[in-house]
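Trainee: My file is entry15.tsv. It has TSV, C-alpha atoms:
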```
chain	number	residue	atom	x	y	z
A	284	MET	CA	-156.80	2.96	-63.56
A	285	ASP	CA	-155.97	-0.70	-64.15
A	286	SER	CA	-152.53	-1.77	-65.34
A	287	VAL	CA	-151.13	-4.55	-67.51
A	288	SER	CA	-147.57	-5.83	-67.50
A	289	LYS	CA	-145.19	-8.14	-69.30
A	290	PRO	CA	-141.51	-9.09	-69.59
A	291	ILE	CA	-139.64	-7.32	-72.37
A	292	LYS	CA	-136.24	-7.24	-74.07
A	293	ILE	CA	-134.30	-3.97	-74.20
A	294	ARG	CA	-131.71	-3.49	-76.92
A	295	VAL	CA	-128.34	-2.26	-75.67
A	296	ALA	CA	-125.68	-1.84	-78.37
A	297	ASN	CA	-125.29	-5.27	-80.01
A	298	ARG	CA	-127.11	-7.23	-77.31
A	299	SER	CA	-130.34	-7.21	-75.34
A	300	ILE	CA	-131.18	-7.36	-71.64
A	301	PRO	CA	-134.38	-8.45	-69.92
A	302	GLY	CA	-136.78	-5.95	-68.44
A	303	PHE	CA	-140.30	-5.45	-67.13
A	304	LEU	CA	-142.98	-3.20	-68.63
A	305	ALA	CA	-146.14	-1.98	-66.89
A	306	GLN	CA	-148.64	0.32	-68.56
A	307	PRO	CA	-152.16	1.64	-68.07
A	308	ASN	CA	-154.85	-0.67	-69.38
A	309	ALA	CA	-156.22	2.15	-71.52
A	310	ASP	CA	-155.72	3.75	-74.89
A	311	GLY	CA	-153.60	6.87	-75.03
A	312	VAL	CA	-150.10	8.29	-74.98
A	313	PHE	CA	-148.49	8.48	-71.53
A	314	PRO	CA	-145.31	9.75	-69.87
A	315	GLY	CA	-142.58	7.15	-69.42
A	316	ILE	CA	-140.54	6.38	-66.33
A	317	ILE	CA	-137.54	4.13	-65.77
A	318	VAL	CA	-137.60	2.24	-62.47
A	319	ILE	CA	-134.18	1.15	-61.16
A	320	GLN	CA	-134.01	-1.85	-58.87
A	321	GLU	CA	-132.70	-2.21	-55.33
A	322	TRP	CA	-129.61	-4.37	-54.79
A	323	TRP	CA	-131.84	-7.46	-54.69
A	324	GLY	CA	-132.37	-7.23	-58.46
A	325	LEU	CA	-135.59	-7.08	-60.44
A	326	ALA	CA	-137.61	-8.51	-57.55
A	327	ASP	CA	-141.39	-8.58	-57.15
A	328	HIS	CA	-141.33	-5.35	-55.11
A	329	ILE	CA	-139.84	-3.40	-58.02
A	330	LYS	CA	-142.37	-4.92	-60.41
A	331	GLU	CA	-145.12	-3.76	-58.06
A	332	VAL	CA	-143.65	-0.24	-58.08
A	333	CYS	CA	-143.88	-0.35	-61.89
A	334	MET	CA	-147.50	-1.47	-61.76
A	335	ARG	CA	-148.31	1.20	-59.18
A	336	LEU	CA	-146.89	3.86	-61.48
A	337	ALA	CA	-148.84	2.39	-64.41
A	338	ARG	CA	-152.05	2.69	-62.41
A	339	GLN	CA	-151.18	6.37	-62.01
A	340	GLY	CA	-150.89	6.86	-65.75
A	341	TYR	CA	-147.25	6.14	-66.60
A	342	ILE	CA	-145.45	3.70	-68.85
A	343	ALA	CA	-143.01	2.15	-66.37
A	344	VAL	CA	-140.02	0.10	-67.47
A	345	ALA	CA	-137.53	-1.61	-65.14
A	346	PRO	CA	-134.36	-2.81	-66.88
A	347	ASP	CA	-132.92	-5.93	-65.25
A	348	LEU	CA	-129.40	-4.83	-64.35
A	349	TYR	CA	-128.55	-8.34	-63.05
A	350	HIS	CA	-129.73	-9.96	-66.30
A	351	GLY	CA	-132.08	-12.51	-64.84
A	352	LYS	CA	-130.56	-13.07	-61.40
A	353	VAL	CA	-132.21	-12.08	-58.10
A	354	GLY	CA	-130.40	-12.10	-54.77
A	355	ARG	CA	-131.90	-13.84	-51.74
A	356	THR	CA	-129.30	-12.89	-49.12
A	357	ALA	CA	-127.00	-9.96	-48.45
A	358	GLU	CA	-124.05	-12.10	-49.55
A	359	GLU	CA	-125.72	-12.89	-52.89
A	360	ASN	CA	-126.64	-9.25	-53.37
A	361	MET	CA	-123.06	-8.11	-52.77
A	362	ALA	CA	-121.78	-10.66	-55.28
A	363	LEU	CA	-124.32	-9.55	-57.91
A	364	ARG	CA	-123.67	-5.87	-57.27
A	365	SER	CA	-119.91	-6.40	-57.63
A	366	GLN	CA	-120.43	-7.52	-61.24
A	367	VAL	CA	-122.12	-4.24	-62.21
A	368	SER	CA	-120.19	-1.21	-63.49
A	369	ASP	CA	-121.21	2.43	-63.73
A	370	LYS	CA	-120.34	2.46	-67.43
A	371	GLY	CA	-122.43	-0.64	-68.13
A	372	VAL	CA	-125.44	0.65	-66.20
A	373	MET	CA	-125.36	4.01	-68.00
A	374	GLN	CA	-125.37	2.14	-71.32
A	375	GLU	CA	-128.32	-0.01	-70.23
A	376	LEU	CA	-130.28	2.99	-68.98
A	377	ASP	CA	-129.55	4.82	-72.25
A	378	GLY	CA	-130.94	1.76	-74.03
A	379	THR	CA	-134.04	1.89	-71.84
A	380	VAL	CA	-134.65	5.51	-72.81
A	381	THR	CA	-134.31	4.51	-76.47
A	382	TYR	CA	-136.80	1.67	-75.89
A	383	LEU	CA	-139.33	4.02	-74.31
A	384	ARG	CA	-138.95	6.66	-77.00
A	385	ALA	CA	-139.62	4.03	-79.67
A	386	GLN	CA	-143.01	3.08	-78.22
A	387	PRO	CA	-145.97	4.84	-79.89
A	388	PHE	CA	-147.82	5.09	-76.55
A	389	VAL	CA	-145.01	7.04	-74.80
A	390	LYS	CA	-144.65	10.83	-74.72
A	391	LYS	CA	-141.09	11.11	-75.97
A	392	ASP	CA	-140.33	14.39	-74.18
A	393	ARG	CA	-141.80	13.26	-70.85
A	394	ILE	CA	-139.51	10.54	-69.54
A	395	GLY	CA	-138.30	10.32	-65.95
A	396	VAL	CA	-136.27	8.01	-63.74
A	397	ILE	CA	-136.78	6.71	-60.20
A	398	GLY	CA	-134.39	4.45	-58.31
A	399	PHE	CA	-134.20	2.85	-54.88
A	400	CYS	CA	-130.98	2.47	-52.78
A	401	PHE	CA	-128.56	0.73	-55.21
A	402	GLY	CA	-130.90	2.04	-57.89
A	403	GLY	CA	-131.14	5.41	-56.16
A	404	ARG	CA	-127.44	5.96	-56.70
A	405	TYR	CA	-127.92	5.07	-60.34
A	406	SER	CA	-130.95	7.32	-60.77
A	407	LEU	CA	-128.82	10.19	-59.41
A	408	LEU	CA	-125.95	9.27	-61.76
A	409	PHE	CA	-128.28	8.87	-64.71
A	410	GLY	CA	-129.93	12.21	-64.02
A	411	CYS	CA	-126.45	13.73	-64.33
A	412	HIS	CA	-125.64	11.65	-67.43
A	413	SER	CA	-128.73	11.83	-69.65
A	414	LYS	CA	-130.12	14.91	-71.37
A	415	GLU	CA	-133.36	13.05	-72.18
A	416	LEU	CA	-134.97	13.21	-68.74
A	417	ALA	CA	-137.74	15.50	-67.51
A	418	ALA	CA	-137.63	14.30	-63.86
A	419	THR	CA	-135.23	12.44	-61.56
A	420	VAL	CA	-136.31	10.78	-58.29
A	421	VAL	CA	-133.76	9.35	-55.85
A	422	TYR	CA	-134.90	7.12	-52.98
A	423	TYR	CA	-132.03	6.86	-50.46
A	424	GLY	CA	-129.33	6.74	-53.12
A	425	PRO	CA	-125.89	7.56	-51.68
A	426	PRO	CA	-124.61	10.85	-53.07
A	427	ILE	CA	-121.04	10.02	-52.02
A	428	ASN	CA	-119.31	6.70	-52.74
A	429	THR	CA	-118.01	4.73	-49.77
A	430	GLN	CA	-115.08	3.89	-52.05
A	431	ILE	CA	-113.98	4.59	-55.61
A	432	THR	CA	-113.31	1.43	-57.61
A	433	GLU	CA	-112.60	0.53	-61.22
A	434	LYS	CA	-116.27	-0.42	-61.71
A	435	THR	CA	-117.70	2.46	-59.67
A	436	PRO	CA	-115.44	5.43	-60.42
A	437	LEU	CA	-118.24	7.98	-60.51
A	438	ASN	CA	-118.95	9.99	-57.37
A	439	PRO	CA	-122.53	11.23	-57.86
A	440	ILE	CA	-122.14	14.48	-55.92
A	441	ASP	CA	-119.26	15.56	-58.19
A	442	LEU	CA	-121.51	15.32	-61.25
A	443	ILE	CA	-124.34	17.53	-59.97
A	444	PRO	CA	-123.40	20.40	-62.34
A	445	ASN	CA	-124.40	18.09	-65.22
A	446	LEU	CA	-127.95	17.51	-63.89
A	447	THR	CA	-130.52	18.85	-66.38
A	448	SER	CA	-133.86	17.72	-64.88
A	449	PRO	CA	-135.60	18.66	-61.60
A	450	LEU	CA	-134.67	16.27	-58.80
A	451	LEU	CA	-136.56	14.86	-55.82
A	452	GLY	CA	-134.45	13.18	-53.13
A	453	ILE	CA	-136.01	10.96	-50.44
A	454	TYR	CA	-133.94	9.96	-47.40
A	455	GLY	CA	-134.44	8.39	-43.97
A	456	GLU	CA	-132.90	10.15	-41.01
A	457	ALA	CA	-132.14	6.81	-39.33
A	458	ASP	CA	-130.31	5.49	-42.42
A	459	ALA	CA	-126.97	4.22	-41.06
A	460	SER	CA	-125.51	3.87	-44.56
A	461	ILE	CA	-126.27	7.46	-45.67
A	462	PRO	CA	-125.61	9.94	-42.84
A	463	LEU	CA	-127.53	13.19	-42.82
A	464	ASP	CA	-124.24	15.00	-43.36
A	465	ALA	CA	-124.05	13.39	-46.82
A	466	VAL	CA	-127.61	14.52	-47.57
A	467	SER	CA	-126.69	18.05	-46.47
A	468	LYS	CA	-123.71	17.99	-48.83
A	469	LEU	CA	-126.02	16.90	-51.65
A	470	LYS	CA	-128.30	19.87	-50.90
A	471	GLU	CA	-125.31	22.21	-50.89
A	472	ALA	CA	-124.08	20.89	-54.23
A	473	LEU	CA	-127.53	21.29	-55.79
A	474	GLN	CA	-127.88	24.82	-54.44
A	475	LYS	CA	-124.39	25.80	-55.57
A	476	ALA	CA	-125.10	24.50	-59.09
A	477	GLY	CA	-128.44	26.34	-59.22
A	478	LYS	CA	-130.50	23.20	-59.75
A	479	SER	CA	-134.25	22.71	-59.29
A	480	PHE	CA	-134.66	20.22	-56.45
A	481	GLU	CA	-136.57	19.04	-53.40
A	482	ILE	CA	-135.08	16.95	-50.59
A	483	LYS	CA	-137.32	15.18	-48.06
A	484	THR	CA	-135.98	13.46	-44.95
A	485	TYR	CA	-137.97	11.31	-42.52
A	486	PRO	CA	-137.25	10.97	-38.79
A	487	GLY	CA	-137.03	7.36	-37.64
A	488	ALA	CA	-136.94	5.99	-41.20
A	489	GLN	CA	-134.17	3.55	-42.05
A	490	HIS	CA	-132.55	2.71	-45.35
A	491	ALA	CA	-135.03	1.07	-47.76
A	492	PHE	CA	-137.98	2.25	-45.67
A	493	ASN	CA	-140.29	2.27	-48.69
A	494	ASN	CA	-139.96	-1.48	-49.31
A	495	ASP	CA	-143.08	-3.00	-47.75
A	496	THR	CA	-141.73	-6.53	-48.26
A	497	ASN	CA	-138.98	-5.80	-45.70
A	498	ALA	CA	-140.73	-5.77	-42.33
A	499	GLU	CA	-137.59	-4.76	-40.42
A	500	ARG	CA	-137.09	-1.54	-42.35
A	501	HIS	CA	-140.50	-0.60	-43.74
A	502	HIS	CA	-141.85	2.65	-42.31
A	503	PRO	CA	-145.52	2.92	-43.34
A	504	GLU	CA	-146.04	6.59	-42.45
A	505	ALA	CA	-142.83	7.77	-44.13
A	506	SER	CA	-143.56	5.59	-47.16
A	507	LYS	CA	-147.04	7.04	-47.58
A	508	ASP	CA	-145.83	10.61	-47.34
A	509	ALA	CA	-142.82	10.01	-49.58
A	510	TRP	CA	-145.01	8.42	-52.25
A	511	GLN	CA	-147.41	11.35	-52.15
A	512	HIS	CA	-144.50	13.74	-52.69
A	513	THR	CA	-143.24	11.48	-55.47
A	514	SER	CA	-146.64	11.42	-57.17
A	515	ASP	CA	-146.99	15.20	-56.93
A	516	PHE	CA	-143.46	15.73	-58.26
A	517	LEU	CA	-143.98	13.38	-61.22
A	518	ASN	CA	-147.36	14.92	-62.00
A	519	ARG	CA	-145.80	18.39	-62.18
A	520	HIS	CA	-142.82	17.45	-64.31
A	521	LEU	CA	-144.07	14.56	-66.45
A	522	LYS	CA	-147.77	15.38	-66.84
A	523	GLY	CA	-147.76	19.15	-66.44
```
Represent the structure from my file as structure tokens, please.

Mentor:
Amino acid sequence: MDSVSKPIKIRVANRSIPGFLAQPNADGVFPGIIVIQEWWGLADHIKEVCMRLARQGYIAVAPDLYHGKVGRTAEENMALRSQVSDKGVMQELDGTVTYLRAQPFVKKDRIGVIGFCFGGRYSLLFGCHSKELAATVVYYGPPINTQITEKTPLNPIDLIPNLTSPLLGIYGEADASIPLDAVSKLKEALQKAGKSFEIKTYPGAQHAFNNDTNAERHHPEASKDAWQHTSDFLNRHLKG
């Protein structure tokens, strides 16, 4: 299936933020999915993820959480990330759900979220925040904060009892920033809360292993398998 895409504006309270929309180049009504950026911002890789999902039959929207800025170095990314707050991101993701639900070509009861690293933490938080989701996918999002700050006071693992959608977690076993012990604690919290979930871990895969624009970290075999699991999971919960 071919896809088409365009920049959009997403209304959030009394303002709007930029975003990116990709959809199948076909008539019909499709499930929606929110795609949450890595710490680089709304870079070309995230736009390609949206278009890939659109080719699979989804309406994919990526809200621009940096409001037009894209980092080029780790230092720039850290500066951009430091300006973002959990409260603000939850508001912007709520606005993205409202945007999707307002589109006549979106199935209003079949909306999911997928996020990668920085965005993986926020997809986990949003899955625990929103009652509007039918699926939550977390690619190497830290379940435990390295530190609690005024802007990031929410520890994702503590909010697991609030999760209302099935969850798929994808992690690399060679991820220095998210030790396997943290992934095990996430599993335990999900089991204790009686949630529907799947956790996949990949030997030799580093943080951000799915990003094929990052030659140092990209792990082709793990990426292929993880995407197949992601596709199967989304098919079951958003198309089933």

Trainee: Figure out the distance between atom CA of Thr379 of chain A and atom CA of Thr356 of chain A, please, to one decimal in Å.

Mentor: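 Between these atoms lies a distance of 27.5 Å.
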
Trainee: Can you work out which one of A:Phe401, A:Ile342, A:Asn493, A:Tyr485 has the shortest atom-to-atom distance to Ser365 of chain A, counting all atoms listed in the file?

Mentor: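 Closest candidate: A:Phe401.
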
Trainee: Name all residues at most 9 Å from Pro425 of chain A (count only C-alpha atoms; drop same-chain ones fewer than 2 positions away) and give them as number ranges by chain.

Mentor: A: 400-401, 403-404, 407, 423, 427-429, 439-440, 460-461, 465-466

Trainee: Mind giving me the straight-line distance from atom CA of Lys370 of chain A to atom CA of Ile329 of chain A in Å, one decimal?

Mentor: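 The value is 22.4 Å.
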
Trainee: Using atom CA of Leu348 of chain A and atom CA of Lys483 of chain A as the two end points, give the distance in Å to one decimal.

Mentor: 27.0 Å

Trainee: Name the closest residue to Phe480 of chain A among the candidates A:Thr432, A:Ser448, A:Asn518, A:Asn494; distances are taken between atoms, counting all atoms listed in the file.

Mentor: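 Among the listed residues, the smallest separation from Phe480 of chain A belongs to A:Ser448.
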
Trainee: My list of candidates is A:Ala417, A:Ala459, A:Leu450, A:Cys411. Which is closest to Gln474 of chain A when distances are computed with only C-alpha atoms?

Mentor: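 Smallest separation from Gln474 of chain A among the options: A:Leu450.
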
Trainee: Determine, counting all atoms listed in the file, which protein, DNA and RNA residues have an atom within 12 Å of an atom of Trp510 of chain A; residues of the same chain fewer than 3 positions away are not included. Present the result as a PyMOL selection string.

Mentor: chain A and resi 332+335-336+339+397+420-422+451-453+483+492-494+502-507+513-518

Trainee: Looking at A:Thr484, A:Asn297, A:Ser406, A:Asn445, which one is nearest to Asp369 of chain A, with distances taken over all atoms listed in the file?

Mentor: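 Nearest to Asp369 of chain A: A:Ser406.
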
Trainee: Go through A:Ala337, A:Val318, A:Leu325, A:Leu469 one by one, measure the shortest atom-to-atom distance of each to Leu363 of chain A using all atoms listed in the file, and give the residue with the smallest value.

Mentor: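 That would be A:Leu325, the residue with the smallest distance to Leu363 of chain A.
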
Trainee: Measuring between all atoms listed in the file, which one of A:Leu442, A:His501, A:Thr419, A:Pro346 shows the shortest distance to Ser299 of chain A?

Mentor: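 Ranked by minimum distance to Ser299 of chain A, first place goes to A:Pro346.
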
Trainee: As a PyMOL selection string, please: the residues near Asp347 of chain A (cut-off 8 Å, all atoms listed in the file, same-chain neighbours under 6 positions excluded).

Mentor: chain A and resi 300-303+320+324-325

Trainee: What would segment 413-432 of chain A look like with N, CA, C and O atoms in place, written as a compact mmCIF listing (two decimals), in the frame of the given file?

Mentor:
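Final output, saved to result23.txt:
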```
# COMPACT_ATOMS: atom_id res chain seq x y z
N SER A 413 -127.82 11.76 -68.50
CA SER A 413 -128.73 11.83 -69.65
C SER A 413 -129.33 13.22 -69.81
O SER A 413 -129.70 13.85 -68.82
N LYS A 414 -129.44 13.65 -71.06
CA LYS A 414 -130.12 14.91 -71.37
C LYS A 414 -131.57 14.67 -71.79
O LYS A 414 -132.28 15.60 -72.19
N GLU A 415 -132.03 13.43 -71.69
CA GLU A 415 -133.36 13.05 -72.18
C GLU A 415 -134.43 13.05 -71.10
O GLU A 415 -135.59 12.75 -71.38
N LEU A 416 -134.05 13.36 -69.86
CA LEU A 416 -134.97 13.21 -68.74
C LEU A 416 -135.69 14.51 -68.38
O LEU A 416 -135.11 15.58 -68.45
N ALA A 417 -136.95 14.36 -67.97
CA ALA A 417 -137.74 15.50 -67.51
C ALA A 417 -137.92 15.49 -66.00
O ALA A 417 -138.42 16.46 -65.42
N ALA A 418 -137.51 14.40 -65.32
CA ALA A 418 -137.63 14.30 -63.86
C ALA A 418 -136.71 13.20 -63.36
O ALA A 418 -136.57 12.15 -64.00
N THR A 419 -136.10 13.43 -62.19
CA THR A 419 -135.23 12.44 -61.56
C THR A 419 -135.65 12.29 -60.10
O THR A 419 -135.74 13.29 -59.38
N VAL A 420 -135.92 11.05 -59.68
CA VAL A 420 -136.31 10.78 -58.29
C VAL A 420 -135.31 9.79 -57.69
O VAL A 420 -135.03 8.74 -58.27
N VAL A 421 -134.78 10.14 -56.53
CA VAL A 421 -133.76 9.35 -55.85
C VAL A 421 -134.29 8.94 -54.48
O VAL A 421 -134.48 9.79 -53.61
N TYR A 422 -134.54 7.64 -54.30
CA TYR A 422 -134.90 7.12 -52.98
C TYR A 422 -133.64 6.56 -52.32
O TYR A 422 -133.10 5.56 -52.75
N TYR A 423 -133.19 7.25 -51.26
CA TYR A 423 -132.03 6.86 -50.46
C TYR A 423 -130.88 6.29 -51.30
O TYR A 423 -130.33 5.23 -51.01
N GLY A 424 -130.52 7.06 -52.33
CA GLY A 424 -129.33 6.74 -53.12
C GLY A 424 -128.14 7.52 -52.58
O GLY A 424 -128.22 8.74 -52.40
N PRO A 425 -127.04 6.85 -52.27
CA PRO A 425 -125.89 7.56 -51.68
C PRO A 425 -125.30 8.59 -52.64
O PRO A 425 -124.95 8.24 -53.77
N PRO A 426 -125.19 9.84 -52.21
CA PRO A 426 -124.61 10.85 -53.07
C PRO A 426 -123.09 10.81 -53.10
O PRO A 426 -122.46 11.42 -53.97
N ILE A 427 -122.50 10.11 -52.13
CA ILE A 427 -121.04 10.02 -52.02
C ILE A 427 -120.66 8.54 -51.92
O ILE A 427 -121.20 7.81 -51.07
N ASN A 428 -119.75 8.10 -52.78
CA ASN A 428 -119.31 6.70 -52.74
C ASN A 428 -118.59 6.39 -51.43
O ASN A 428 -117.82 7.22 -50.92
N THR A 429 -118.80 5.17 -50.91
CA THR A 429 -118.01 4.73 -49.77
C THR A 429 -116.57 4.45 -50.21
O THR A 429 -115.63 4.60 -49.43
N GLN A 430 -116.41 4.05 -51.47
CA GLN A 430 -115.08 3.89 -52.05
C GLN A 430 -115.16 4.03 -53.56
O GLN A 430 -116.20 3.75 -54.16
N ILE A 431 -114.08 4.48 -54.15
CA ILE A 431 -113.98 4.59 -55.61
C ILE A 431 -113.27 3.34 -56.11
O ILE A 431 -112.18 2.99 -55.64
N THR A 432 -113.90 2.64 -57.05
CA THR A 432 -113.31 1.43 -57.61
C THR A 432 -113.28 1.53 -59.13
O THR A 432 -113.84 2.46 -59.72
```
